[in-house]
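> Mind having a look at this structure? Questions to follow.
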Amino acid sequence: LPTLIIAAYLVSKIPQLLEPSGRAYTLIERAITQPWILWEYVLNLIIPRTTVNSPFFDDHTALHTVLDSYFYLSITVWCAILFFAYRLKDSHSFAFFGLLFFLAGHLLESSILNLELFFPHRNYVPAFGLYFVMACLVVSVQANFKRMLMAGTALYLLINGLLVWSVTTLWGTPPLAAEMWAIHKESSPRAQHFLAAIKLEEGDKETAQRFLSRIAAKTDRSAMYSIQSFMLCQFAEHEKAAQLDQVLQSIKTARHENGLGLTLELLVETIVAGGCPMLSGADVERIIAAVLLNPDLSADKNTQASIANSRAKLAYARDDITRAIEYGWQAYKISRNLDMGLAVVAQLASNLDFGNSITRLEELREDAPSHLVRGY
């Protein structure tokens, strides 16, 4: 019954295959890629390697057609293994169980759901099935080989233990980890961005800006990184126009980016706080106008809400409270974020506009969770 429920749920998602995924690949391409990625999960579980133990996998590429040899190879081997495991289920039931457990554990996340292609944490529960098979093979081996196999198993566990120690030690020192991940994950924008963030924390804006510019030049989703590079203001006054033009051009050709809205709000906060005197609200409005002209960017509800919220913050900084309230309420209407709505209500109350304050508070009650713990 649980399998049938999951299957029915996936069937209900089939219409979404024809919709834009907001990623560098379609949902069909994601499904085509998953059989190959399942083999990568198996390889990562069996063979200990430090190079794959990073938090960044956004550089993983998708297969684009069922005619790809990787798809044929991976799906053929999976089908063959399932066939032989089924034929041997009476004499080797543990192998059949472990294989089904591993594949069932990946049933949802390795399907047409609009998730990223690859993440090792999806292996945590399914890994039990694979290791269960390996453990059963060890204990069922013939007696004359058992001592040698036990020694090999102990060595294997020791190597894995050393790997875990090495990885946790690296993760515990973020500056060193950022350098290592940026080297080993040169094609990962997130790895490069993490290093830029570390450099920024260390006060090295020049290096941070250089890495952000490098990311923007390498990825087709460069708007967010271009804006972040721009807001660091590592350029002379006479270079500002050219730098802004580069940002506007990157926005013109960019595809959907999840963090773009928050980047716009961060840009506004930087300007309001005086973090870059060369930048102004007019620059933000030019960037927002470019975003709104790009249908891939402007269609995102989170980006729309962030644009309204950014304009509210700019208006508030100019002491234009009326426009700040207008934009703030617009941000709430788009996002249905109660914090945004309550901020507007509080501002109305501070202006002694209690009538509008109460009216909008009543509207907020419609979005309030009916249960304070569950949130619905």
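Labels for the structure tokens follow display order: chains A, B, ..., residues from 1 in each chain, ligands from 1.
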Could you pull out the residues in segment 32-168 of chain A that DSSP calls alpha helix (DSSP H) from the backbone, as a ChimeraX atom specification?
/A:32-46,69-87,93-105,127-140,143-168
> Find the residues near segment 52-66 of chain A: any atom within 8 Å, counting only C-alpha atoms, skip ones fewer than 6 places away on the same chain, and give them as an MDAnalysis selection string.
chainID A and resid 25 29:30 32:33 44 72 116:119 167 181 185 187:191
> As a PyMOL selection string, please: the residues near Ala241 of chain A (cut-off 12 Å, only C-alpha atoms, same-chain neighbours under 6 positions excluded).
chain A and resi 230+233+235+247-248+278-279+283+286
> Restricted to all heavy atoms, what would the selected residues look like written as a PDB file, in the first residue's frame?

ATOM      1  N   PHE A 230      28.921  43.639  -7.439  1.00  0.00           N
ATOM      2  CA  PHE A 230      28.722  45.081  -7.608  1.00  0.00           C
ATOM      3  C   PHE A 230      28.597  45.789  -6.259  1.00  0.00           C
ATOM      4  O   PHE A 230      29.165  46.865  -6.048  1.00  0.00           O
ATOM      5  CB  PHE A 230      27.476  45.304  -8.462  1.00  0.00           C
ATOM      6  CG  PHE A 230      27.129  46.736  -8.710  1.00  0.00           C
ATOM      7  CD1 PHE A 230      27.940  47.542  -9.488  1.00  0.00           C
ATOM      8  CD2 PHE A 230      25.969  47.281  -8.168  1.00  0.00           C
ATOM      9  CE1 PHE A 230      27.608  48.871  -9.735  1.00  0.00           C
ATOM     10  CE2 PHE A 230      25.638  48.605  -8.406  1.00  0.00           C
ATOM     11  CZ  PHE A 230      26.457  49.403  -9.195  1.00  0.00           C
ATOM     12  N   CYS A 233      31.538  47.185  -4.167  1.00  0.00           N
ATOM     13  CA  CYS A 233      32.099  48.499  -4.537  1.00  0.00           C
ATOM     14  C   CYS A 233      33.624  48.495  -4.640  1.00  0.00           C
ATOM     15  O   CYS A 233      34.280  49.455  -4.206  1.00  0.00           O
ATOM     16  CB  CYS A 233      31.655  49.571  -3.542  1.00  0.00           C
ATOM     17  SG  CYS A 233      29.907  49.967  -3.673  1.00  0.00           S
ATOM     18  N   PHE A 235      35.554  49.244  -7.002  1.00  0.00           N
ATOM     19  CA  PHE A 235      35.846  49.938  -8.248  1.00  0.00           C
ATOM     20  C   PHE A 235      35.852  51.441  -7.980  1.00  0.00           C
ATOM     21  O   PHE A 235      35.312  51.910  -6.966  1.00  0.00           O
ATOM     22  CB  PHE A 235      34.817  49.591  -9.332  1.00  0.00           C
ATOM     23  CG  PHE A 235      33.381  49.691  -8.874  1.00  0.00           C
ATOM     24  CD1 PHE A 235      32.727  50.920  -8.806  1.00  0.00           C
ATOM     25  CD2 PHE A 235      32.678  48.555  -8.493  1.00  0.00           C
ATOM     26  CE1 PHE A 235      31.415  51.012  -8.372  1.00  0.00           C
ATOM     27  CE2 PHE A 235      31.365  48.634  -8.059  1.00  0.00           C
ATOM     28  CZ  PHE A 235      30.733  49.865  -7.998  1.00  0.00           C
ATOM     29  N   VAL A 247      26.120  44.429 -14.719  1.00  0.00           N
ATOM     30  CA  VAL A 247      25.072  43.813 -13.897  1.00  0.00           C
ATOM     31  C   VAL A 247      23.769  43.737 -14.685  1.00  0.00           C
ATOM     32  O   VAL A 247      23.093  42.691 -14.713  1.00  0.00           O
ATOM     33  CB  VAL A 247      24.865  44.616 -12.600  1.00  0.00           C
ATOM     34  CG1 VAL A 247      23.646  44.088 -11.836  1.00  0.00           C
ATOM     35  CG2 VAL A 247      26.098  44.553 -11.726  1.00  0.00           C
ATOM     36  N   LEU A 248      23.391  44.820 -15.345  1.00  0.00           N
ATOM     37  CA  LEU A 248      22.144  44.853 -16.107  1.00  0.00           C
ATOM     38  C   LEU A 248      22.176  43.852 -17.250  1.00  0.00           C
ATOM     39  O   LEU A 248      21.162  43.198 -17.545  1.00  0.00           O
ATOM     40  CB  LEU A 248      21.906  46.266 -16.640  1.00  0.00           C
ATOM     41  CG  LEU A 248      21.740  47.364 -15.577  1.00  0.00           C
ATOM     42  CD1 LEU A 248      21.564  48.720 -16.240  1.00  0.00           C
ATOM     43  CD2 LEU A 248      20.575  47.067 -14.651  1.00  0.00           C
ATOM     44  N   MET A 278      28.902  55.145  -3.093  1.00  0.00           N
ATOM     45  CA  MET A 278      28.762  55.359  -4.541  1.00  0.00           C
ATOM     46  C   MET A 278      27.415  54.889  -5.073  1.00  0.00           C
ATOM     47  O   MET A 278      26.970  55.327  -6.130  1.00  0.00           O
ATOM     48  CB  MET A 278      29.887  54.635  -5.286  1.00  0.00           C
ATOM     49  CG  MET A 278      31.244  55.308  -5.205  1.00  0.00           C
ATOM     50  SD  MET A 278      32.450  54.506  -6.299  1.00  0.00           S
ATOM     51  CE  MET A 278      32.717  52.959  -5.443  1.00  0.00           C
ATOM     52  N   LEU A 279      26.763  53.963  -4.364  1.00  0.00           N
ATOM     53  CA  LEU A 279      25.502  53.401  -4.839  1.00  0.00           C
ATOM     54  C   LEU A 279      24.324  54.175  -4.271  1.00  0.00           C
ATOM     55  O   LEU A 279      24.399  54.743  -3.182  1.00  0.00           O
ATOM     56  CB  LEU A 279      25.400  51.925  -4.450  1.00  0.00           C
ATOM     57  CG  LEU A 279      26.539  51.017  -4.910  1.00  0.00           C
ATOM     58  CD1 LEU A 279      26.239  49.569  -4.557  1.00  0.00           C
ATOM     59  CD2 LEU A 279      26.775  51.159  -6.403  1.00  0.00           C
ATOM     60  N   ASP A 283      20.147  53.370  -8.517  1.00  0.00           N
ATOM     61  CA  ASP A 283      20.823  52.182  -9.063  1.00  0.00           C
ATOM     62  C   ASP A 283      19.985  50.931  -8.812  1.00  0.00           C
ATOM     63  O   ASP A 283      19.870  50.056  -9.681  1.00  0.00           O
ATOM     64  CB  ASP A 283      22.207  52.029  -8.429  1.00  0.00           C
ATOM     65  CG  ASP A 283      23.120  53.206  -8.722  1.00  0.00           C
ATOM     66  OD1 ASP A 283      23.061  53.733  -9.839  1.00  0.00           O
ATOM     67  OD2 ASP A 283      23.887  53.590  -7.807  1.00  0.00           O
ATOM     68  N   ARG A 286      17.095  50.748 -11.231  1.00  0.00           N
ATOM     69  CA  ARG A 286      17.507  50.291 -12.563  1.00  0.00           C
ATOM     70  C   ARG A 286      17.679  48.771 -12.576  1.00  0.00           C
ATOM     71  O   ARG A 286      17.298  48.095 -13.541  1.00  0.00           O
ATOM     72  CB  ARG A 286      18.811  50.968 -12.977  1.00  0.00           C
ATOM     73  CG  ARG A 286      18.680  52.436 -13.324  1.00  0.00           C
ATOM     74  CD  ARG A 286      19.972  52.969 -13.924  1.00  0.00           C
ATOM     75  NE  ARG A 286      20.277  52.320 -15.201  1.00  0.00           N
ATOM     76  CZ  ARG A 286      21.408  52.526 -15.876  1.00  0.00           C
ATOM     77  NH1 ARG A 286      22.348  53.331 -15.378  1.00  0.00           N
ATOM     78  NH2 ARG A 286      21.615  51.909 -17.032  1.00  0.00           N
TER      79      ARG A 286
END
> Just checking: using only C-alpha atoms, which residue out of A:Ala368, A:Val42, A:Ile325, A:Leu113 ends up closest to Leu338 of chain A?
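Comparing A:Ala368, A:Val42, A:Ile325, A:Leu113 against Leu338 of chain A, the winner is A:Ala368.
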> In Å to one decimal, how far is atom CA of Asp320 of chain A from atom CA of Glu237 of chain A?
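According to the coordinates, atom CA of Glu237 of chain A and atom CA of Asp320 of chain A are separated by 28.0 Å.
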